[in-house]
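What follows is a short report on a single structure.
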Amino acid sequence: MRAYEIRGGFGLDKLVLGERPDPEPGPFQVRVRVKATSLNYRDLMMVEGRYNPRQKLPLIPNSDGAGVVDAVGQGVTRVKQGDRVMGLFSQAWPAGEPTRTAQQHTLGGPLDGALGDTMVLHEDGVMLTPAYLSDEEAATLPCAALTAWSALVTYGALKAGDVVLLQGTGGVSIFALQIAKLLGARVIITSSRDDKLERARALGAHDLINYVTTPDWDKAARALTGNAGVDHVVEVGGAGTFEKSLRAVRPGGTVSVIGVLSGGSGAVPLTSILMQNLRVQGILVGHRQGFEALVRAFSQHSVRPVVDRVFAFDEAVAAFHHLKSGAHFGKVVVRVG
């Protein structure tokens, strides 16, 4: 099999294409010939050593992918040879609250991920790909789409008429926009570029805020709600935006923390959280049960992921540079098979 590995240290210059022996599936395992993988900010952080500096190397990165089952081990009943499937980010989280086991069995670190042409996964760690989606589209769902679903639906209990504030136009935020629209919520979205904001409007966003020309975007969001505050913030910025998210949300509202684009540590304004009775929820992607619900909803309404650009397998490092630049809108995908 051909795969990219992080070798000899961290950094995009340490991400190299090589070969490994073809793996064979054991009992209750399936071998998947990967057709496409999408890039998440987590994957970039993993390659650069910022996600887990103690991660054992070499490692095949990338947290999600899609392909075709070409061999099954003894006892497999969920899928069969020839089925199109998506790999689950957490290979050991069927439902309920996360466990240490669920945290320790995630693709793209500590387990080998999808930036190779072959994966061997437990049958519980794959799901059938909806027939209406291409492999490139399907490869975007297991992490970014499920994270947005977990934030707004599984834990956020989003309902029609709620107001959601989304930061930026990356993969999670655009999926959150699609999910919020699906459920009848009002969407306020921010970006540094007006052209991206107009694309978000075309997807169903109701209110647009350019955070470069309007640096007090938290006040702008509150003003759009008659100063009541939004019901839910999908917080992707991290330390640099967290305090403004707390100021934008209404008393009793929810801030779902799913990203650290502007940093992972900083002062926490506990008084604001306490006095406004806020709920701050960390989101670790999600479990299989949530993914099944997401796929049912998307399939029922034929929701198509927004793919910014598809790179060839030999251009995988360039794909990471494109993600790092922040120029993308939606998901960055690498076509593997």
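Each chain of the structure tokens is named A, B, ... in the order shown, its residues numbered from 1; ligands are numbered from 1 in display order.
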Open item on the list: Which of range 6-195 of chain A end up as strand (DSSP E or B) when DSSP is run on this backbone - answer as a PyMOL selection string?
Closed with: chain A and resi 6+15-19+29-39+59+64-72+84-87+90+106-107+111+116+118-122+126-128+163-167+170+186-191
- [ ] For Ile189 in chain A, please output as a PyMOL selection string all residues within 12 Å (counting only C-alpha atoms; exclusion window: fewer than 4 positions along the same chain).
- [x] chain A and resi 163-170+173-174+176-178+180+193-194+196-201+203-211+217-218+220-221+224+230+232-235
TODO: Tell me which protein, DNA and RNA residues are within 12 Å of Gly26 in chain A, counting only C-alpha atoms, leaving out same-chain ones fewer than 4 positions away, and put them as number ranges by chain.
DONE: A: 30-31, 71-76, 120-123
What's around Gly337 in chain A at 9 Å? Count only C-alpha atoms, leave out sequence neighbours fewer than 3 positions away in its own chain, and write the answer as a PDB file with C-alpha atoms, in the first residue's frame.
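Written output follows (selection.pdb):
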ATOM      1  CA  ARG A  33      -9.400   0.753  -0.328  1.00  0.00           C
ATOM      2  CA  VAL A  34      -9.478   4.483   0.305  1.00  0.00           C
ATOM      3  CA  LYS A  35     -10.850   6.624  -2.510  1.00  0.00           C
ATOM      4  CA  ALA A  36     -10.787  10.041  -0.852  1.00  0.00           C
ATOM      5  CA  GLY A  67     -13.611   4.072   0.079  1.00  0.00           C
ATOM      6  CA  GLY A 116      -3.091   6.196   2.326  1.00  0.00           C
ATOM      7  CA  ASP A 117      -4.722   3.914  -0.198  1.00  0.00           C
ATOM      8  CA  PHE A 313      -2.906  12.105  -4.048  1.00  0.00           C
TER       9      PHE A 313
END
Open item on the list: Between A:Ala3, A:His105, A:Ala131, A:Thr254, which residue has the minimum interatomic distance to Ala157 in chain A, considering only C-alpha atoms?
Closed with: A:Thr254
Task: Atom pair CA of Val249 in chain A / CA of Asp231 in chain A: separation (Å) - done: 5.9 Å
Task: Distance criterion (only C-alpha atoms): nearest to Ala293 in chain A out of A:Val280, A:Ala95, A:Val68, A:Val212 - done: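 Residue with the minimum atom-to-atom distance to Ala293 in chain A: A:Ala95.
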Open item on the list: Which of range 169-268 of chain A end up as alpha helix (DSSP H) when DSSP is run on this backbone - answer as JSON, numbers by chain?
Closed with: {"A": [171, 172, 173, 174, 175, 176, 177, 178, 179, 180, 181, 182, 194, 195, 196, 197, 198, 199, 200, 201, 202, 203, 217, 218, 219, 220, 221, 222, 223, 224, 242, 243, 244, 245, 246, 247, 248]}
Open item on the list: Could you check the closest approach to Thr225 in chain A for each of A:Ala102, A:Ile273, A:Ala148, A:Ile188 and tell me which residue wins, using only C-alpha atoms?
Closed with: A:Ile188
